[in-house]
Every structure is written in C-alpha cells, then in structure tokens.
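run37.txt, holding compact mmCIF, C-alpha atoms:
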# COMPACT_ATOMS: atom_id res chain seq x y z
CA MET Y 18 71.14 88.74 34.19
CA LYS Y 19 69.86 88.39 30.66
CA ILE Y 20 69.42 85.03 29.00
CA PRO Y 21 70.37 85.06 25.33
CA VAL Y 22 67.46 84.32 22.99
CA SER Y 23 69.42 81.60 21.24
CA ALA Y 24 69.67 79.68 24.52
CA ILE Y 25 65.89 79.31 24.85
CA ARG Y 26 64.56 76.18 23.21
CA LEU Y 27 60.89 75.53 22.98
CA PRO Y 28 59.80 71.95 23.51
CA THR Y 29 58.95 70.10 20.31
CA ARG Y 30 57.30 66.80 19.72
CA PRO Y 31 59.83 63.99 19.59
CA GLY Y 32 61.10 63.33 16.11
CA ARG Y 33 59.28 66.25 14.51
CA GLU Y 34 60.65 69.66 13.92
CA TYR Y 35 58.49 72.57 12.93
CA GLU Y 36 56.57 71.87 9.74
CA SER Y 37 54.70 74.41 7.71
CA ARG Y 38 50.99 73.73 7.35
CA PHE Y 39 50.94 75.57 4.04
CA ASP Y 40 51.28 73.75 0.75
CA ARG Y 41 50.62 70.33 2.22
CA GLU Y 42 49.07 67.53 0.23
CA GLN Y 43 45.72 66.40 1.53
CA SER Y 44 45.01 62.72 1.84
CA LEU Y 45 42.98 61.52 -1.12
CA LEU Y 46 41.66 58.64 0.94
CA LYS Y 47 40.40 61.04 3.59
CA MET Y 48 38.92 63.35 0.97
CA LEU Y 49 36.87 60.56 -0.61
CA ALA Y 50 36.19 58.24 2.31
CA ILE Y 51 34.55 60.68 4.71
CA PRO Y 52 31.49 61.54 2.56
CA ILE Y 53 31.07 57.93 1.47
CA ALA Y 54 31.40 56.53 4.98
CA SER Y 55 29.06 59.12 6.48
CA ILE Y 56 26.31 58.33 3.98
CA MET Y 57 26.76 54.59 4.48
CA LEU Y 58 26.74 54.87 8.27
CA ALA Y 59 23.67 57.08 8.15
CA SER Y 60 21.90 54.46 6.04
CA MET Y 61 22.74 51.85 8.67
CA VAL Y 62 20.90 53.80 11.39
CA THR Y 63 17.66 52.14 10.28
CA THR Y 64 18.96 48.82 11.62
CA LEU Y 65 18.84 50.10 15.20
CA PRO Y 66 16.06 48.53 17.28
CA PHE Y 67 13.47 51.29 17.15
CA PHE Y 68 9.93 49.89 17.20
CA THR Y 69 6.85 51.90 16.23
CA ALA Y 70 3.50 51.11 14.72
CA GLU Y 71 3.96 53.71 12.01
CA PRO Y 72 7.03 54.75 10.02
CA ILE Y 73 8.57 57.68 11.87
CA LEU Y 74 12.33 57.15 11.59
CA PRO Y 75 13.70 59.53 8.95
CA PRO Y 76 15.82 58.16 6.11
CA PHE Y 77 19.14 59.35 7.55
CA GLY Y 78 21.10 58.04 4.57
CA LEU Y 79 19.01 60.16 2.22
CA LEU Y 80 19.39 63.20 4.48
CA MET Y 81 23.18 62.85 4.49
CA PHE Y 82 23.23 62.19 0.75
CA LEU Y 83 21.22 65.35 0.06
CA GLY Y 84 23.25 67.28 2.61
CA TRP Y 85 26.56 66.42 0.95
CA ARG Y 86 25.20 66.99 -2.56
CA LEU Y 87 23.59 70.36 -1.84
CA MET Y 88 26.49 71.58 0.30
CA ARG Y 89 29.31 70.42 -2.03
CA PRO Y 90 27.91 70.29 -5.60
CA GLY Y 91 30.95 68.77 -7.32
CA LEU Y 92 31.79 66.20 -4.66
CA LEU Y 93 29.45 63.36 -5.63
CA PRO Y 94 29.09 62.30 -9.27
CA VAL Y 95 25.63 62.16 -10.83
CA TRP Y 96 25.61 58.37 -10.89
CA SER Y 97 26.34 58.10 -7.15
CA GLY Y 98 22.63 57.82 -6.34
CA VAL Y 99 22.59 54.24 -7.62
CA PRO Y 100 25.22 52.64 -5.33
CA PHE Y 101 24.21 54.68 -2.29
CA GLY Y 102 20.53 53.89 -2.89
CA LEU Y 103 21.20 50.19 -3.38
CA MET Y 104 23.21 50.11 -0.17
CA ASP Y 105 20.36 51.90 1.61
CA ASP Y 106 17.90 49.31 0.28
CA LEU Y 107 19.92 46.57 1.97
CA PHE Y 108 19.40 48.16 5.38
CA SER Y 109 15.98 49.83 5.06
CA GLY Y 110 13.96 46.81 3.97
CA GLN Y 111 12.58 48.52 0.88
CA PRO Y 112 12.40 46.48 -2.34
CA PHE Y 113 15.92 46.19 -3.73
CA GLY Y 114 16.52 48.88 -6.32
CA SER Y 115 13.82 51.29 -5.23
CA ALA Y 116 16.12 53.72 -3.43
CA GLY Y 117 18.71 53.27 -6.17
CA LEU Y 118 16.15 54.54 -8.68
CA LEU Y 119 14.68 57.26 -6.46
CA TRP Y 120 18.03 58.62 -5.23
CA SER Y 121 19.25 58.74 -8.85
CA LEU Y 122 16.17 60.69 -9.87
CA ALA Y 123 16.74 63.04 -6.93
CA MET Y 124 20.33 63.55 -8.04
CA LEU Y 125 19.20 64.30 -11.60
CA ALA Y 126 16.63 66.79 -10.28
CA ILE Y 127 19.37 68.57 -8.31
CA GLU Y 128 21.57 68.65 -11.41
CA ILE Y 129 18.75 70.23 -13.42
CA ILE Y 130 18.19 72.82 -10.70
CA ASP Y 131 21.93 73.56 -10.54
CA ALA Y 132 22.08 74.02 -14.31
CA ARG Y 133 19.25 76.56 -14.29
CA ALA Y 134 19.85 78.39 -11.03
CA ILE Y 135 22.19 81.35 -10.88
CA TRP Y 136 22.71 81.02 -7.12
CA ARG Y 137 21.17 79.25 -4.15
CA ASP Y 138 21.05 80.03 -0.48
CA TYR Y 139 20.45 77.86 2.55
CA PHE Y 140 16.68 78.36 2.54
CA GLN Y 141 16.43 77.30 -1.10
CA ASP Y 142 18.53 74.22 -0.37
CA TRP Y 143 16.16 73.35 2.47
CA VAL Y 144 13.13 73.72 0.17
CA ILE Y 145 14.81 71.59 -2.51
CA ALA Y 146 15.66 68.94 0.09
CA ALA Y 147 12.11 69.05 1.51
CA LEU Y 148 10.59 68.46 -1.93
CA LEU Y 149 13.03 65.66 -2.71
CA ILE Y 150 12.53 63.98 0.68
CA THR Y 151 8.77 64.05 0.16
CA ALA Y 152 9.08 62.74 -3.40
CA VAL Y 153 11.47 59.93 -2.42
CA LEU Y 154 9.34 58.77 0.52
CA LEU Y 155 6.12 58.87 -1.53
CA GLY Y 156 7.91 57.17 -4.44
CA GLY Y 157 9.08 54.42 -2.11
CA LEU Y 158 5.51 53.92 -0.92
CA TRP Y 159 4.35 53.75 -4.53
CA ILE Y 160 6.99 51.13 -5.40
CA VAL Y 161 5.97 49.04 -2.38
CA SER Y 162 2.32 49.31 -3.48
CA LEU Y 163 3.23 47.69 -6.79
CA ALA Y 164 4.04 44.44 -5.01
CA HIS Y 165 1.83 44.58 -1.90
CA ALA Y 166 -1.24 46.35 -0.67
CA ALA Y 167 0.32 49.53 0.67
CA SER Y 168 -1.20 51.88 3.17
CA GLU Y 169 -2.36 55.37 2.38
CA PRO Y 170 0.17 58.18 1.89
CA ALA Y 171 -1.14 60.07 4.94
CA LEU Y 172 0.69 57.50 7.05
CA LEU Y 173 4.01 58.99 5.91
CA VAL Y 174 3.20 62.58 6.99
CA PRO Y 175 4.95 62.35 10.41
CA GLN Y 176 8.03 60.78 8.83
CA ILE Y 177 8.13 63.42 6.10
CA ILE Y 178 7.77 66.28 8.60
CA LEU Y 179 10.44 64.84 10.92
CA SER Y 180 12.79 64.27 7.98
CA ILE Y 181 12.37 67.84 6.75
CA LEU Y 182 12.96 69.21 10.24
CA LEU Y 183 16.09 67.06 10.73
CA TYR Y 184 17.63 68.07 7.40
CA PRO Y 185 19.47 71.10 8.93
CA LEU Y 186 21.04 68.75 11.49
CA ALA Y 187 22.25 66.50 8.67
CA VAL Y 188 23.75 69.51 6.88
CA ARG Y 189 25.42 70.58 10.12
CA ILE Y 190 26.97 67.11 10.50
CA CYS Y 191 28.09 67.23 6.85
CA ALA Y 192 29.66 70.65 7.42
CA ARG Y 193 31.57 69.42 10.49
CA LEU Y 194 32.78 66.36 8.61
CA ASP Y 195 33.70 68.54 5.65
CA SER Y 196 35.81 70.86 7.76
CA TRP Y 197 37.60 67.84 9.23
CA ARG Y 198 37.95 66.34 5.75
CA LEU Y 199 39.55 69.51 4.37
CA ALA Y 200 41.81 70.06 7.36
CA THR Y 201 45.41 69.15 6.74
Serialized structure, structure tokens:
Amino acid sequence: MKIPVSAIRLPTRPGREYESRFDREQSLLKMLAIPIASIMLASMVTTLPFFTAEPILPPFGLLMFLGWRLMRPGLLPVWSGVPFGLMDDLFSGQPFGSAGLLWSLAMLAIEIIDARAIWRDYFQDWVIAALLITAVLLGGLWIVSLAHAASEPALLVPQIILSILLYPLAVRICARLDSWRLAT
C-alpha cells in the first residue's frame, strides 16, 4: 500500500511555517551591540580578583579592540578609540584619559597602515597588533610616570609577551562573535 506524498506532513514549529532564510533583514541592534559589548566586557576583566606583584594580566579590552578593528576594518569608526579607551580607564586604574589617547593613536596608526597597504594577511595583522600592544603599554607606563615615580619598562615585558601571545585568541573570539553577529 502506497501512501500519497500529499498525505505526509512534516512537523513544524507551532505558529511558524517555513520561512526562507534568504533576503532577511539583519538586526541593526545585534550588528552594532556585539562588537561594542565584547570590547566593554573584555575591558571589565581587569576587575577580577587576580593578585600579582607585577603586572601580568593582558589588556583584554585592547586585544578585543584591535581584534575587531584589524579583522573588520570598516566596523569601528576612527574616533571609537576615545570612548572605548575612556571606559577601559574606568576599570583598569590607569589615569583617566590615558587609554582614550593611546587607543585613539593606535586607531590612527591602523588607519595610516590601511591607507598605504595594498593587502594584509594574518601574520601582518599579528605584527601590527604586537607593535601597537607594546606601544600602548609603554605609553601607559610613560603617562603614569608623569604623575608618579614609575618603575622601569622591563617590568612590563611579561605582560607584553603574554598580550602578544593571547592576541590570536582574541581574534578567534572576535571571529566567533562576528559569525554569530552576521547570522540571520
């Protein structure tokens, strides 16, 4: 006995018939909020109770900021270094405005590199991020030394090395969030 094809009904979710996934509008809130929230949450990691005698905890907010900017060049505007840096200053304990200045200078440096470069690959992005991480951390130490007697720059070497080594993880997190952000 044959069952007619028209008699077979596949189960559907209640209240929803088949919808095409093509030509759907993406949520603007989701498109904008995910990069912003990920950078802000990464900046808040420094508030976790992690006690050491020397600075070793990488600036996760900076890593996510560089990861998003180098992975998606048109996503963050050039001026976005100021608000993200100021928010990072609130949680990191640096003098207020130091990260706002340094992250803005890092963003301008990336813009200059983008204007002159024909193409970039992952290794070049990692080198650019490594140079910018080093410059931002040393610049933060220099700004602190303007107000207080700061320690020598050699103290930051473990933090710089750990930050450079964790940059690919930050890019991986950004890529996962980006694929979720672009999913419909």
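Interatomic distance, CA of Pro185 in chain Y to CA of Leu45 in chain Y: 27.3 Å.
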TODO: Could you tell me how far CA of Gln43 in chain Y lies from CA of Val188 in chain Y, in Å and to one decimal?
DONE: 22.8 Å
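Once Gly78 in chain Y and its same-chain neighbours fewer than 2 positions away are set aside, Ile56, Ala59, Ser60, Pro76, Leu80 and Met81 of chain Y remain within 6 Å of it when counting all atoms listed in the file.
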Task: Nearest to Leu154 in chain Y, chosen from Y:Gln141, Y:Leu65, Y:Val174, Y:Leu46, with only C-alpha atoms counted in the distances - done: Y:Val174
TODO: May I ask for the distance between CA of Ala126 in chain Y and CA of Asp195 in chain Y, given in Å to one decimal place?
DONE: 23.4 Å
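When only C-alpha atoms are used to compute distances to Met61 in chain Y, the closest of the residues Y:Pro175, Y:Leu92, Y:Gly102, Y:Ile145 turns out to be Y:Gly102.
Residue nearest Leu186 in chain Y within the list Y:Leu74, Y:Gly156, Y:Arg137, Y:Trp143: Y:Trp143 [criterion: smallest interatomic distance, all atoms listed in the file].
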TODO: Quick one: residues within 10 Å of (16.5, 56.9, -3.6) (file frame), counting all atoms listed in the file, please, as a ChimeraX atom specification.
DONE: /Y:76,78-79,82,98-103,105-106,114-124,149-150,152-154,156-157
Generate the coordinates of all heavy atoms for range 175-186 of chain Y; report them as a JSON list (two decimals), keeping the file's coordinate frame.
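File rebuild-v8.json, as written:
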[["chain", "number", "residue", "atom", "x", "y", "z"],
["Y", 175, "PRO", "N", 4.01, 62.08, 9.31],
["Y", 175, "PRO", "CA", 4.95, 62.35, 10.41],
["Y", 175, "PRO", "C", 6.41, 62.10, 10.03],
["Y", 175, "PRO", "O", 7.29, 62.87, 10.43],
["Y", 175, "PRO", "CB", 4.50, 61.39, 11.52],
["Y", 175, "PRO", "CG", 3.12, 61.00, 11.19],
["Y", 175, "PRO", "CD", 3.00, 61.10, 9.71],
["Y", 176, "GLN", "N", 6.67, 61.06, 9.26],
["Y", 176, "GLN", "CA", 8.03, 60.78, 8.83],
["Y", 176, "GLN", "C", 8.56, 61.87, 7.90],
["Y", 176, "GLN", "O", 9.71, 62.27, 8.01],
["Y", 176, "GLN", "CB", 8.09, 59.42, 8.14],
["Y", 176, "GLN", "CG", 9.48, 59.00, 7.75],
["Y", 176, "GLN", "CD", 9.53, 57.66, 7.05],
["Y", 176, "GLN", "OE1", 8.52, 57.19, 6.53],
["Y", 176, "GLN", "NE2", 10.69, 57.06, 7.03],
["Y", 177, "ILE", "N", 7.73, 62.36, 7.02],
["Y", 177, "ILE", "CA", 8.13, 63.42, 6.10],
["Y", 177, "ILE", "C", 8.44, 64.70, 6.88],
["Y", 177, "ILE", "O", 9.47, 65.35, 6.66],
["Y", 177, "ILE", "CB", 7.04, 63.66, 5.03],
["Y", 177, "ILE", "CG1", 6.97, 62.47, 4.07],
["Y", 177, "ILE", "CG2", 7.30, 64.95, 4.26],
["Y", 177, "ILE", "CD1", 5.80, 62.50, 3.12],
["Y", 178, "ILE", "N", 7.56, 65.06, 7.82],
["Y", 178, "ILE", "CA", 7.77, 66.28, 8.60],
["Y", 178, "ILE", "C", 9.04, 66.17, 9.44],
["Y", 178, "ILE", "O", 9.86, 67.10, 9.48],
["Y", 178, "ILE", "CB", 6.54, 66.58, 9.47],
["Y", 178, "ILE", "CG1", 5.37, 66.98, 8.58],
["Y", 178, "ILE", "CG2", 6.83, 67.66, 10.50],
["Y", 178, "ILE", "CD1", 4.06, 67.13, 9.30],
["Y", 179, "LEU", "N", 9.23, 65.03, 10.10],
["Y", 179, "LEU", "CA", 10.44, 64.84, 10.92],
["Y", 179, "LEU", "C", 11.70, 64.87, 10.06],
["Y", 179, "LEU", "O", 12.72, 65.44, 10.46],
["Y", 179, "LEU", "CB", 10.34, 63.54, 11.72],
["Y", 179, "LEU", "CG", 11.45, 63.28, 12.72],
["Y", 179, "LEU", "CD1", 11.47, 64.37, 13.79],
["Y", 179, "LEU", "CD2", 11.28, 61.92, 13.36],
["Y", 180, "SER", "N", 11.63, 64.28, 8.88],
["Y", 180, "SER", "CA", 12.79, 64.27, 7.98],
["Y", 180, "SER", "C", 13.14, 65.68, 7.52],
["Y", 180, "SER", "O", 14.31, 66.06, 7.48],
["Y", 180, "SER", "CB", 12.50, 63.40, 6.77],
["Y", 180, "SER", "OG", 12.25, 62.08, 7.15],
["Y", 181, "ILE", "N", 12.13, 66.47, 7.20],
["Y", 181, "ILE", "CA", 12.37, 67.84, 6.75],
["Y", 181, "ILE", "C", 12.95, 68.67, 7.89],
["Y", 181, "ILE", "O", 13.85, 69.49, 7.69],
["Y", 181, "ILE", "CB", 11.07, 68.46, 6.20],
["Y", 181, "ILE", "CG1", 10.70, 67.76, 4.89],
["Y", 181, "ILE", "CG2", 11.21, 69.96, 5.99],
["Y", 181, "ILE", "CD1", 9.32, 68.11, 4.37],
["Y", 182, "LEU", "N", 12.45, 68.45, 9.10],
["Y", 182, "LEU", "CA", 12.96, 69.21, 10.24],
["Y", 182, "LEU", "C", 14.38, 68.78, 10.66],
["Y", 182, "LEU", "O", 15.13, 69.57, 11.22],
["Y", 182, "LEU", "CB", 12.01, 69.08, 11.44],
["Y", 182, "LEU", "CG", 10.65, 69.75, 11.26],
["Y", 182, "LEU", "CD1", 9.77, 69.48, 12.46],
["Y", 182, "LEU", "CD2", 10.80, 71.24, 11.01],
["Y", 183, "LEU", "N", 14.74, 67.54, 10.39],
["Y", 183, "LEU", "CA", 16.09, 67.06, 10.73],
["Y", 183, "LEU", "C", 17.12, 67.31, 9.63],
["Y", 183, "LEU", "O", 18.30, 67.06, 9.84],
["Y", 183, "LEU", "CB", 16.06, 65.57, 11.07],
["Y", 183, "LEU", "CG", 15.48, 65.21, 12.42],
["Y", 183, "LEU", "CD1", 15.48, 63.71, 12.61],
["Y", 183, "LEU", "CD2", 16.25, 65.88, 13.53],
["Y", 184, "TYR", "N", 16.68, 67.80, 8.48],
["Y", 184, "TYR", "CA", 17.63, 68.07, 7.40],
["Y", 184, "TYR", "C", 18.72, 69.08, 7.81],
["Y", 184, "TYR", "O", 19.90, 68.86, 7.50],
["Y", 184, "TYR", "CB", 16.90, 68.54, 6.14],
["Y", 184, "TYR", "CG", 17.84, 68.99, 5.07],
["Y", 184, "TYR", "CD1", 18.57, 68.05, 4.34],
["Y", 184, "TYR", "CD2", 18.05, 70.33, 4.80],
["Y", 184, "TYR", "CE1", 19.47, 68.45, 3.37],
["Y", 184, "TYR", "CE2", 18.94, 70.74, 3.83],
["Y", 184, "TYR", "CZ", 19.64, 69.80, 3.12],
["Y", 184, "TYR", "OH", 20.54, 70.19, 2.16],
["Y", 185, "PRO", "N", 18.38, 70.18, 8.51],
["Y", 185, "PRO", "CA", 19.47, 71.10, 8.93],
["Y", 185, "PRO", "C", 20.50, 70.43, 9.84],
["Y", 185, "PRO", "O", 21.68, 70.76, 9.77],
["Y", 185, "PRO", "CB", 18.74, 72.22, 9.67],
["Y", 185, "PRO", "CG", 17.37, 72.21, 9.11],
["Y", 185, "PRO", "CD", 17.07, 70.78, 8.81],
["Y", 186, "LEU", "N", 20.08, 69.48, 10.67],
["Y", 186, "LEU", "CA", 21.04, 68.75, 11.49],
["Y", 186, "LEU", "C", 21.97, 67.92, 10.62],
["Y", 186, "LEU", "O", 23.18, 67.85, 10.86],
["Y", 186, "LEU", "CB", 20.31, 67.86, 12.50],
["Y", 186, "LEU", "CG", 21.19, 66.99, 13.37],
["Y", 186, "LEU", "CD1", 22.05, 67.85, 14.29],
["Y", 186, "LEU", "CD2", 20.35, 66.01, 14.16]]
